[in-house]
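Asks: CSV, C-alpha atoms (C1' of nucleotides), file protein_2.csv:
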chain,number,residue,atom,x,y,z
A,1,MET,CA,4.6,-8.6,-0.9
A,2,PRO,CA,5.1,-12.2,-0.4
A,3,GLU,CA,2.9,-15.2,-1.0
A,4,LEU,CA,4.1,-18.7,-1.6
A,5,PRO,CA,5.7,-18.0,-5.1
A,6,GLU,CA,7.6,-15.0,-3.9
A,7,VAL,CA,9.0,-16.9,-0.9
A,8,GLU,CA,9.9,-19.8,-3.1
A,9,VAL,CA,11.7,-17.5,-5.6
A,10,LEU,CA,13.5,-15.9,-2.7
A,11,ARG,CA,14.5,-19.4,-1.4
A,12,SER,CA,15.8,-20.7,-4.7
A,13,SER,CA,17.7,-17.5,-5.5
A,14,LEU,CA,19.5,-17.4,-2.2
A,15,GLU,CA,20.3,-21.1,-1.8
A,16,PRO,CA,23.2,-21.4,-4.3
A,17,VAL,CA,24.9,-18.2,-2.9
A,18,VAL,CA,24.6,-18.7,0.8
A,19,VAL,CA,24.8,-22.4,1.5
A,20,GLY,CA,28.1,-23.2,3.1
A,21,GLU,CA,28.5,-19.7,4.5
A,22,ARG,CA,29.0,-19.2,8.2
A,23,ILE,CA,27.0,-16.7,10.1
A,24,GLU,CA,29.4,-14.5,12.1
A,25,ARG,CA,26.9,-12.4,14.0
A,26,VAL,CA,23.4,-11.0,14.0
A,27,ARG,CA,22.8,-7.3,14.3
A,28,THR,CA,19.4,-5.7,15.0
A,29,TRP,CA,18.5,-2.1,14.8
A,30,ASN,CA,14.9,-2.5,15.7
A,31,ARG,CA,13.6,-5.6,17.4
A,32,SER,CA,9.9,-4.7,17.3
A,33,LEU,CA,8.6,-6.7,14.4
A,34,ARG,CA,5.3,-8.6,14.5
A,35,GLU,CA,6.8,-10.3,17.5
A,36,PRO,CA,9.8,-9.0,19.3
A,37,VAL,CA,13.1,-10.4,18.0
A,38,SER,CA,14.6,-12.4,20.8
A,39,ARG,CA,17.7,-10.9,22.4
A,40,GLY,CA,19.2,-14.4,22.4
A,41,LEU,CA,19.0,-14.8,18.6
A,42,GLY,CA,22.6,-13.8,18.0
A,43,ARG,CA,24.0,-16.2,20.6
A,44,ARG,CA,21.8,-19.0,19.2
A,45,VAL,CA,23.1,-18.7,15.6
A,46,ALA,CA,26.5,-17.1,15.6
A,47,GLY,CA,29.3,-19.4,14.4
A,48,ARG,CA,26.9,-21.8,12.7
A,49,ARG,CA,27.1,-22.7,9.0
A,50,ILE,CA,24.1,-22.5,6.6
A,51,GLU,CA,23.3,-26.1,5.5
A,52,ARG,CA,20.2,-25.5,3.4
A,53,LEU,CA,17.2,-23.3,2.7
A,54,ARG,CA,13.7,-24.6,2.8
A,55,ARG,CA,10.2,-23.1,2.7
A,56,ARG,CA,7.1,-24.0,4.6
A,57,ALA,CA,4.0,-22.0,3.7
A,58,LYS,CA,5.2,-18.4,3.5
A,59,TYR,CA,8.1,-19.0,5.9
A,60,LEU,CA,11.7,-19.1,4.8
A,61,LEU,CA,13.7,-21.7,6.8
A,62,ILE,CA,17.4,-21.3,7.1
A,63,ASP,CA,18.8,-24.6,8.4
A,64,LEU,CA,22.1,-24.2,10.3
A,65,ASP,CA,24.5,-26.9,11.5
A,66,GLY,CA,24.0,-28.1,15.0
A,67,GLY,CA,20.2,-28.5,14.4
A,68,VAL,CA,19.2,-24.9,14.6
A,69,THR,CA,16.8,-23.2,12.1
A,70,VAL,CA,16.3,-19.5,11.5
A,71,VAL,CA,12.7,-18.8,10.5
A,72,VAL,CA,12.0,-15.6,8.5
A,73,HIS,CA,8.6,-14.3,7.6
A,74,LEU,CA,8.3,-11.2,5.4
A,75,GLY,CA,4.8,-10.1,6.4
A,76,MET,CA,3.4,-7.6,3.9
A,77,SER,CA,6.4,-5.4,3.1
A,78,GLY,CA,9.5,-7.4,4.0
A,79,ARG,CA,12.5,-7.9,1.7
A,80,PHE,CA,15.3,-10.3,2.5
A,81,THR,CA,18.3,-9.8,0.3
A,82,LEU,CA,22.0,-10.6,0.2
A,83,VAL,CA,24.1,-7.5,0.0
A,84,PRO,CA,27.9,-6.9,-0.3
A,85,SER,CA,30.1,-6.1,2.6
A,86,ARG,CA,29.9,-2.5,3.8
A,87,ALA,CA,26.7,-1.9,2.0
A,88,PRO,CA,25.2,1.1,3.9
A,89,ARG,CA,22.3,0.4,6.2
A,90,GLN,CA,19.0,1.1,4.6
A,91,LEU,CA,16.0,2.8,6.0
A,92,HIS,CA,13.8,0.1,7.7
A,93,GLU,CA,16.6,-2.4,7.7
A,94,HIS,CA,15.8,-3.9,11.1
A,95,LEU,CA,18.0,-6.9,11.2
A,96,ALA,CA,21.0,-8.5,9.4
A,97,LEU,CA,22.8,-11.8,9.4
A,98,PHE,CA,26.5,-11.0,8.9
A,99,LEU,CA,28.2,-13.7,7.0
A,100,GLU,CA,31.9,-14.8,7.2
A,101,SER,CA,32.5,-13.5,3.7
A,102,GLY,CA,31.5,-10.0,4.9
A,103,ARG,CA,28.3,-10.0,2.9
A,104,ARG,CA,25.1,-9.8,4.9
A,105,LEU,CA,21.5,-11.0,4.7
A,106,ARG,CA,19.4,-7.9,5.2
A,107,LEU,CA,15.8,-7.8,6.4
A,108,ARG,CA,14.1,-4.6,5.3
A,109,ASP,CA,10.5,-4.2,6.3
A,110,PRO,CA,8.8,-0.8,6.5
A,111,ARG,CA,5.5,-2.1,8.0
A,112,ARG,CA,7.2,-4.4,10.5
A,113,PHE,CA,4.7,-7.2,10.0
A,114,GLY,CA,7.6,-9.6,9.5
A,115,LEU,CA,9.0,-12.1,11.9
A,116,VAL,CA,12.4,-13.7,12.7
A,117,PHE,CA,13.2,-16.3,15.3
A,118,ALA,CA,15.3,-19.5,15.8
A,119,ARG,CA,14.2,-22.9,16.7
A,120,ALA,CA,15.6,-26.4,17.1
A,121,THR,CA,15.2,-27.9,13.5
A,122,ASP,CA,13.6,-31.1,14.8
A,123,ARG,CA,11.0,-29.2,16.8
A,124,LEU,CA,9.8,-26.8,14.1
A,125,ASP,CA,6.6,-28.7,13.3
A,126,ALA,CA,5.6,-28.4,17.0
A,127,ASP,CA,6.1,-24.7,17.1
A,128,ARG,CA,2.9,-22.7,17.4
A,129,HIS,CA,3.6,-20.9,14.1
A,130,PHE,CA,3.6,-24.3,12.2
A,131,ARG,CA,1.5,-26.6,14.3
A,132,HIS,CA,-1.8,-25.7,12.7
A,133,LEU,CA,-0.7,-25.1,9.1
A,134,GLY,CA,-2.6,-26.9,6.4
A,135,VAL,CA,-1.4,-28.7,3.3
A,136,GLU,CA,1.3,-27.5,0.9
A,137,PRO,CA,-0.5,-26.7,-2.4
A,138,LEU,CA,2.5,-27.9,-4.5
A,139,GLY,CA,2.9,-31.1,-2.5
A,140,ALA,CA,1.6,-34.6,-3.3
A,141,ASP,CA,-1.3,-34.6,-0.9
A,142,PHE,CA,-3.1,-31.4,-2.2
A,143,ASP,CA,-6.1,-32.2,-4.4
A,144,GLY,CA,-9.8,-31.6,-4.7
A,145,ALA,CA,-10.6,-34.3,-2.2
A,146,CYS,CA,-8.6,-32.6,0.6
A,147,LEU,CA,-10.3,-29.3,-0.2
A,148,ALA,CA,-13.8,-30.9,-0.1
A,149,ARG,CA,-12.9,-32.6,3.2
A,150,ALA,CA,-11.8,-29.4,4.8
A,151,ALA,CA,-14.9,-27.6,3.6
A,152,ARG,CA,-17.3,-30.0,5.3
A,153,GLY,CA,-19.5,-28.3,7.9
A,154,ARG,CA,-18.3,-24.8,6.8
A,155,THR,CA,-20.2,-22.0,5.1
A,156,ALA,CA,-17.6,-19.3,4.5
A,157,PRO,CA,-17.2,-17.7,1.1
A,158,ILE,CA,-14.6,-19.7,-1.0
A,159,LYS,CA,-12.2,-16.7,-1.2
A,160,SER,CA,-11.9,-16.6,2.6
A,161,PHE,CA,-11.5,-20.3,2.7
A,162,LEU,CA,-8.6,-20.2,0.3
A,163,LEU,CA,-6.9,-17.6,2.5
A,164,ASP,CA,-7.3,-19.8,5.6
A,165,GLY,CA,-3.8,-21.3,6.3
A,166,ARG,CA,-5.3,-24.1,8.3
A,167,VAL,CA,-6.7,-25.5,5.0
A,168,VAL,CA,-4.0,-24.8,2.4
A,169,VAL,CA,-0.9,-22.7,3.0
A,170,GLY,CA,0.8,-20.1,0.9
A,171,VAL,CA,-2.2,-18.8,-1.1
A,172,GLY,CA,-2.6,-15.0,-0.4
A,173,ASN,CA,-4.7,-12.3,-1.7
A,174,ILE,CA,-3.4,-12.1,-5.2
A,175,TYR,CA,-3.3,-15.8,-6.0
A,176,ALA,CA,-6.7,-16.5,-4.3
A,177,SER,CA,-8.3,-14.2,-6.9
A,178,GLU,CA,-6.3,-15.6,-9.7
A,179,ALA,CA,-7.0,-19.2,-8.9
A,180,LEU,CA,-10.7,-18.6,-8.5
A,181,PHE,CA,-10.7,-16.9,-11.9
A,182,ARG,CA,-8.9,-19.8,-13.5
A,183,ALA,CA,-11.4,-22.2,-11.9
A,184,GLY,CA,-14.4,-20.1,-12.9
A,185,ILE,CA,-15.7,-19.9,-9.4
A,186,HIS,CA,-17.4,-16.8,-7.9
A,187,PRO,CA,-15.4,-15.6,-4.9
A,188,ARG,CA,-18.6,-15.2,-2.8
A,189,ARG,CA,-19.8,-18.7,-3.4
A,190,SER,CA,-20.2,-20.6,-0.1
A,191,VAL,CA,-17.9,-23.6,0.3
A,192,GLY,CA,-21.0,-25.6,1.2
A,193,ARG,CA,-22.2,-25.2,-2.4
A,194,VAL,CA,-19.2,-26.4,-4.4
A,195,SER,CA,-19.4,-29.6,-6.4
A,196,ARG,CA,-16.7,-32.3,-6.2
A,197,SER,CA,-15.6,-31.6,-9.8
A,198,ARG,CA,-15.2,-27.9,-9.1
A,199,TRP,CA,-13.0,-28.7,-6.0
A,200,ASP,CA,-10.8,-30.7,-8.4
A,201,ARG,CA,-10.7,-27.9,-10.8
A,202,LEU,CA,-9.9,-25.4,-8.1
A,203,ALA,CA,-7.0,-27.5,-6.7
A,204,GLU,CA,-5.6,-27.8,-10.3
A,205,SER,CA,-6.0,-24.0,-10.7
A,206,VAL,CA,-4.2,-23.2,-7.4
A,207,ARG,CA,-1.3,-25.4,-8.4
A,208,ALA,CA,-1.1,-24.0,-11.9
A,209,VAL,CA,-1.3,-20.4,-10.9
A,210,LEU,CA,1.4,-20.8,-8.1
A,211,ALA,CA,3.7,-22.8,-10.4
A,212,SER,CA,3.4,-20.3,-13.2
A,213,ALA,CA,4.1,-17.4,-10.8
A,214,ILE,CA,7.3,-19.1,-9.6
A,215,GLU,CA,8.4,-19.6,-13.1
A,216,GLN,CA,8.0,-15.9,-13.8
A,217,GLY,CA,10.0,-15.0,-10.7
A,218,GLY,CA,7.0,-14.0,-8.6
A,219,THR,CA,4.8,-10.9,-8.7
A,220,THR,CA,6.3,-7.5,-8.1
A,221,LEU,CA,3.6,-4.9,-7.5
A,222,ASN,CA,5.7,-2.5,-5.5
A,223,ASP,CA,8.7,-3.9,-3.8
A,224,PHE,CA,9.1,-7.7,-4.1
A,225,THR,CA,12.6,-8.8,-5.1
A,226,ASP,CA,14.4,-12.1,-4.9
A,227,GLY,CA,17.6,-12.5,-2.8
A,228,ALA,CA,19.7,-10.7,-5.3
A,229,GLY,CA,17.3,-7.7,-5.6
A,230,GLU,CA,15.7,-8.8,-8.9
A,231,PRO,CA,12.0,-8.2,-9.4
A,232,GLY,CA,9.5,-10.7,-10.6
A,233,TYR,CA,7.4,-10.6,-13.8
A,234,PHE,CA,4.2,-12.5,-13.1
A,235,GLN,CA,2.3,-9.2,-12.6
A,236,VAL,CA,2.0,-8.9,-16.4
A,237,SER,CA,0.2,-12.3,-16.4
A,238,LEU,CA,-2.4,-11.5,-13.7
A,239,SER,CA,-5.8,-12.0,-15.2
A,240,VAL,CA,-8.0,-10.1,-12.7
A,241,TYR,CA,-6.0,-9.0,-9.6
A,242,GLY,CA,-5.6,-5.2,-9.7
A,243,ARG,CA,-7.5,-5.0,-13.0
A,244,GLU,CA,-10.8,-3.5,-11.8
A,245,GLY,CA,-12.6,-1.9,-14.8
A,246,GLU,CA,-10.4,-3.7,-17.4
A,247,GLY,CA,-11.8,-6.3,-19.8
A,248,CYS,CA,-11.6,-9.9,-18.8
A,249,PRO,CA,-8.9,-11.6,-20.9
A,250,ARG,CA,-11.3,-14.6,-21.5
A,251,CYS,CA,-14.8,-13.1,-22.1
A,252,GLY,CA,-14.2,-9.4,-22.2
A,253,ALA,CA,-16.7,-8.6,-19.4
A,254,THR,CA,-15.6,-5.8,-17.0
A,255,VAL,CA,-13.5,-7.1,-14.1
A,256,ARG,CA,-15.0,-6.1,-10.7
A,257,ARG,CA,-13.5,-5.4,-7.3
A,258,ILE,CA,-15.4,-6.3,-4.1
A,259,VAL,CA,-14.3,-6.3,-0.5
A,260,GLN,CA,-14.3,-9.6,1.5
A,261,SER,CA,-13.1,-9.6,5.1
A,262,GLN,CA,-11.5,-6.2,4.6
A,263,ARG,CA,-9.4,-7.5,1.6
A,264,SER,CA,-10.0,-6.6,-2.1
A,265,THR,CA,-11.2,-9.4,-4.3
A,266,PHE,CA,-11.1,-9.2,-8.1
A,267,TYR,CA,-13.2,-11.3,-10.4
A,268,CYS,CA,-14.9,-11.6,-13.7
A,269,PRO,CA,-18.7,-11.5,-13.4
A,270,GLY,CA,-19.0,-13.2,-16.8
A,271,CYS,CA,-16.7,-16.2,-16.2
A,272,GLN,CA,-17.1,-16.8,-12.5
A,273,ARG,CA,-20.2,-18.5,-11.1
B,1,DC,C1',-15.8,-25.2,16.2
B,2,DC,C1',-16.9,-21.3,12.7
B,3,DT,C1',-17.0,-16.5,11.1
B,4,DT,C1',-16.2,-11.8,11.2
B,5,DG,C1',-13.9,-7.5,12.3
B,6,DA,C1',-10.2,-5.1,14.4
B,7,DA,C1',-5.5,-4.6,15.3
B,8,DC,C1',-0.5,-4.3,14.3
B,9,DC,C1',2.7,-0.4,11.0
B,10,DT,C1',4.5,2.7,7.2
B,11,DG,C1',4.2,4.6,2.6
B,12,DC,C1',2.1,5.9,-1.6
B,13,DG,C1',-1.0,7.8,-4.9
B,14,DG,C1',-5.3,10.3,-5.8
B,15,DG,C1',-8.5,14.0,-5.0
B,16,DC,C1',-9.2,18.6,-3.5
C,1,DT,C1',2.3,22.6,-2.6
C,2,DG,C1',0.1,20.2,1.2
C,3,DC,C1',-3.4,17.6,3.6
C,4,DC,C1',-6.6,13.8,4.1
C,5,DC,C1',-8.2,9.6,2.7
C,6,DG,C1',-8.1,5.0,1.1
C,7,DC,C1',-5.3,1.4,-0.1
C,8,DA,C1',-1.4,-2.2,0.3
C,9,DG,C1',1.3,-8.9,-0.9
C,10,DG,C1',-0.2,-11.3,6.3
C,11,DT,C1',-1.3,-13.1,10.6
C,12,DT,C1',-3.5,-13.2,15.2
C,13,DC,C1',-6.9,-12.3,18.6
C,14,DA,C1',-11.4,-11.3,20.6
C,15,DA,C1',-16.2,-11.5,20.3
C,16,DG,C1',-20.6,-13.2,18.6
Take the structure from the file and write it as C-alpha cells.
Replies:
Amino acid sequence: MPELPEVEVLRSSLEPVVVGERIERVRTWNRSLREPVSRGLGRRVAGRRIERLRRRAKYLLIDLDGGVTVVVHLGMSGRFTLVPSRAPRQLHEHLALFLESGRRLRLRDPRRFGLVFARATDRLDADRHFRHLGVEPLGADFDGACLARAARGRTAPIKSFLLDGRVVVGVGNIYASEALFRAGIHPRRSVGRVSRSRWDRLAESVRAVLASAIEQGGTTLNDFTDGAGEPGYFQVSLSVYGREGEGCPRCGATVRRIVQSQRSTFYCPGCQR
DNA sequence: CCTTGAACCTGCGGGC
DNA sequence: TGCCCGCAGGTTCAAG
C-alpha cells in the first residue's frame, strides 16, 4: 500500500486530530509483525502525550513527550487509522494505541510486513532502520547531482536504483515506474549510461510525481486510506503503472509490463529510451 | 562494495 | 462451485 505519498497523506491527516492526545495504553493481539513487537512497548509509551507527527522515508514517526518516538511502518498491506471508542476489533488488527479520549489508533495489516517500535527521539537517526537511509526526495538536497553521484561505479538498471533506499527514500514500485515514464527513461537502462541532463530530469520527475500524488491524497489500489479511512485518488492519474496493454497517454503506444528483481515494471516503449 | 534472488505473510481475481 | 496459480504498494539477508 504505502510509498512516500501515502505515508505523508496519513501523517498530515492524523496530525490535527491526535496531537495533544495522551496515550493511555497499548494493546497487542498479535506481536509477530516483520519484527516482533516488543513486550516493553506499552510501558515505554503509556501516559505520554503526542507532540507531533513526522515522516522519514516510509516511516511514520509519532513524537511523544519525554523524548520518546513511536515508529510505525505499514509494509505492503498496513493501514493505520483513528477509530472511535468501542469500535469493534477488526480482522488483522494486531495492535492499537488507546488514547485518553477513548479513541484508538489501530494498526491493521493482513500480510504482517509492518513494523512498530519505540526509540529515544534523539537517537532515531542512529537506529539501524534509519542509519543507512538516503536522501528525502522532497527535501532541499535531492537533485540530479546527488543521483549522478550515487550512481558512480554502479551498473544496476535504473528502476532498481530508484527503489534502493540507500540512494533516495520513499520511492516504491508504483512511483518508480511513473517517474521513469515522466522522465522518458527506459527502466532497464543501466545507471552507468545516464547523462547528467537526464539525471536532472529524473530528479525533477520524482519530485513532481510524488508531490502530485500527495495532492491527490495518495494512490488507492486496494486498501490504502488516510488516518480517517478516506481513500486517495492518484490512481486515476497513473500514466503507466497497472496499465499493461493500454495506450500510452502521451504517444499512444501500448504500455508494457516487464519483471525486474521480481517486481512488475510498467513503461511505454515509445516514450522511454 | 555491488547485484540478484529468496524469504517473510495473507488475500484476491482469473482460468479451468 | 472450488481449486490452483500468479499477483500485490516493502524490506532484509544470503550468496555469487
Asks: Please list, as a ChimeraX atom specification, the residues that have an atom at most 10 Å away from (-7.5, -22.2, 1.5) in the coordinates of this file, counting all atoms listed in the file.
Replies: /A:134-135,137,147,150-151,158-172,176,203,206
Asks: Using all atoms listed in the file, what does the table of region 118-185 of chain A residues within 10 Å of region 3-9 of chain C look like, with each row giving the shortest atom pair and its distance in Å to one decimal, sorted by chain and ascending number, as CSV?
Replies:
residue,atom,partner,partner_atom,distance
A:Gly172,CA,C:DG9,C1',7.3
A:Asn173,CA,C:DG9,C1',6.9
A:Ile174,CA,C:DG9,C1',7.1
A:Tyr175,CA,C:DG9,C1',9.7
Asks: Hey, list the chain A side of the contact with chain C: 10 Å cut-off, all atoms listed in the file, answer as a list in words.
Replies: Met1, Pro2, Glu3, Glu6, Arg34, Lys58, His73, Leu74, Gly75, Met76, Ser77, Gly78, Phe113, Gly114, His129, Leu163, Gly165, Gly172, Asn173, Ile174, Tyr175, Thr219, Thr220, Leu221, Asn222, Asp223, Phe224, Arg263 and Ser264 of chain A
Asks: Pull out every residue of chain A that has at least one atom within 10 Å of chain B, counting all atoms listed in the file, and report them as a ChimeraX atom specification.
Replies: /A:33-35,77,92,109-113,153-156,160,222,261-262
Asks: Which value, in Å to one decimal, gives the distance between CA of Glu244 (chain A) and CA of Ala179 (chain A)?
Replies: 16.4 Å
Asks: At a cut-off of 7 Å from (23.8, -25.5, 11.8) in the coordinates of the file, what residues are picked up using all atoms listed in the file, written as a PyMOL selection string?
Replies: chain A and resi 48-51+63-68
Asks: Using Å and a single decimal, report how far CA of Ile214 (chain A) sits from CA of Val194 (chain A).
Replies: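 Distance between the two atoms: 28.0 Å.
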Asks: Would you list the contacts of Arg250 (chain A) as a list in words, taking every protein, DNA or RNA residue within 10 Å and counting all atoms listed in the file, but skipping same-chain residues closer than 3 positions in sequence?
Replies: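 In the requested form, the answer reads Phe181, Arg182, Ser239, Gly247, Ala253, Cys268, Gly270 and Cys271 of chain A.
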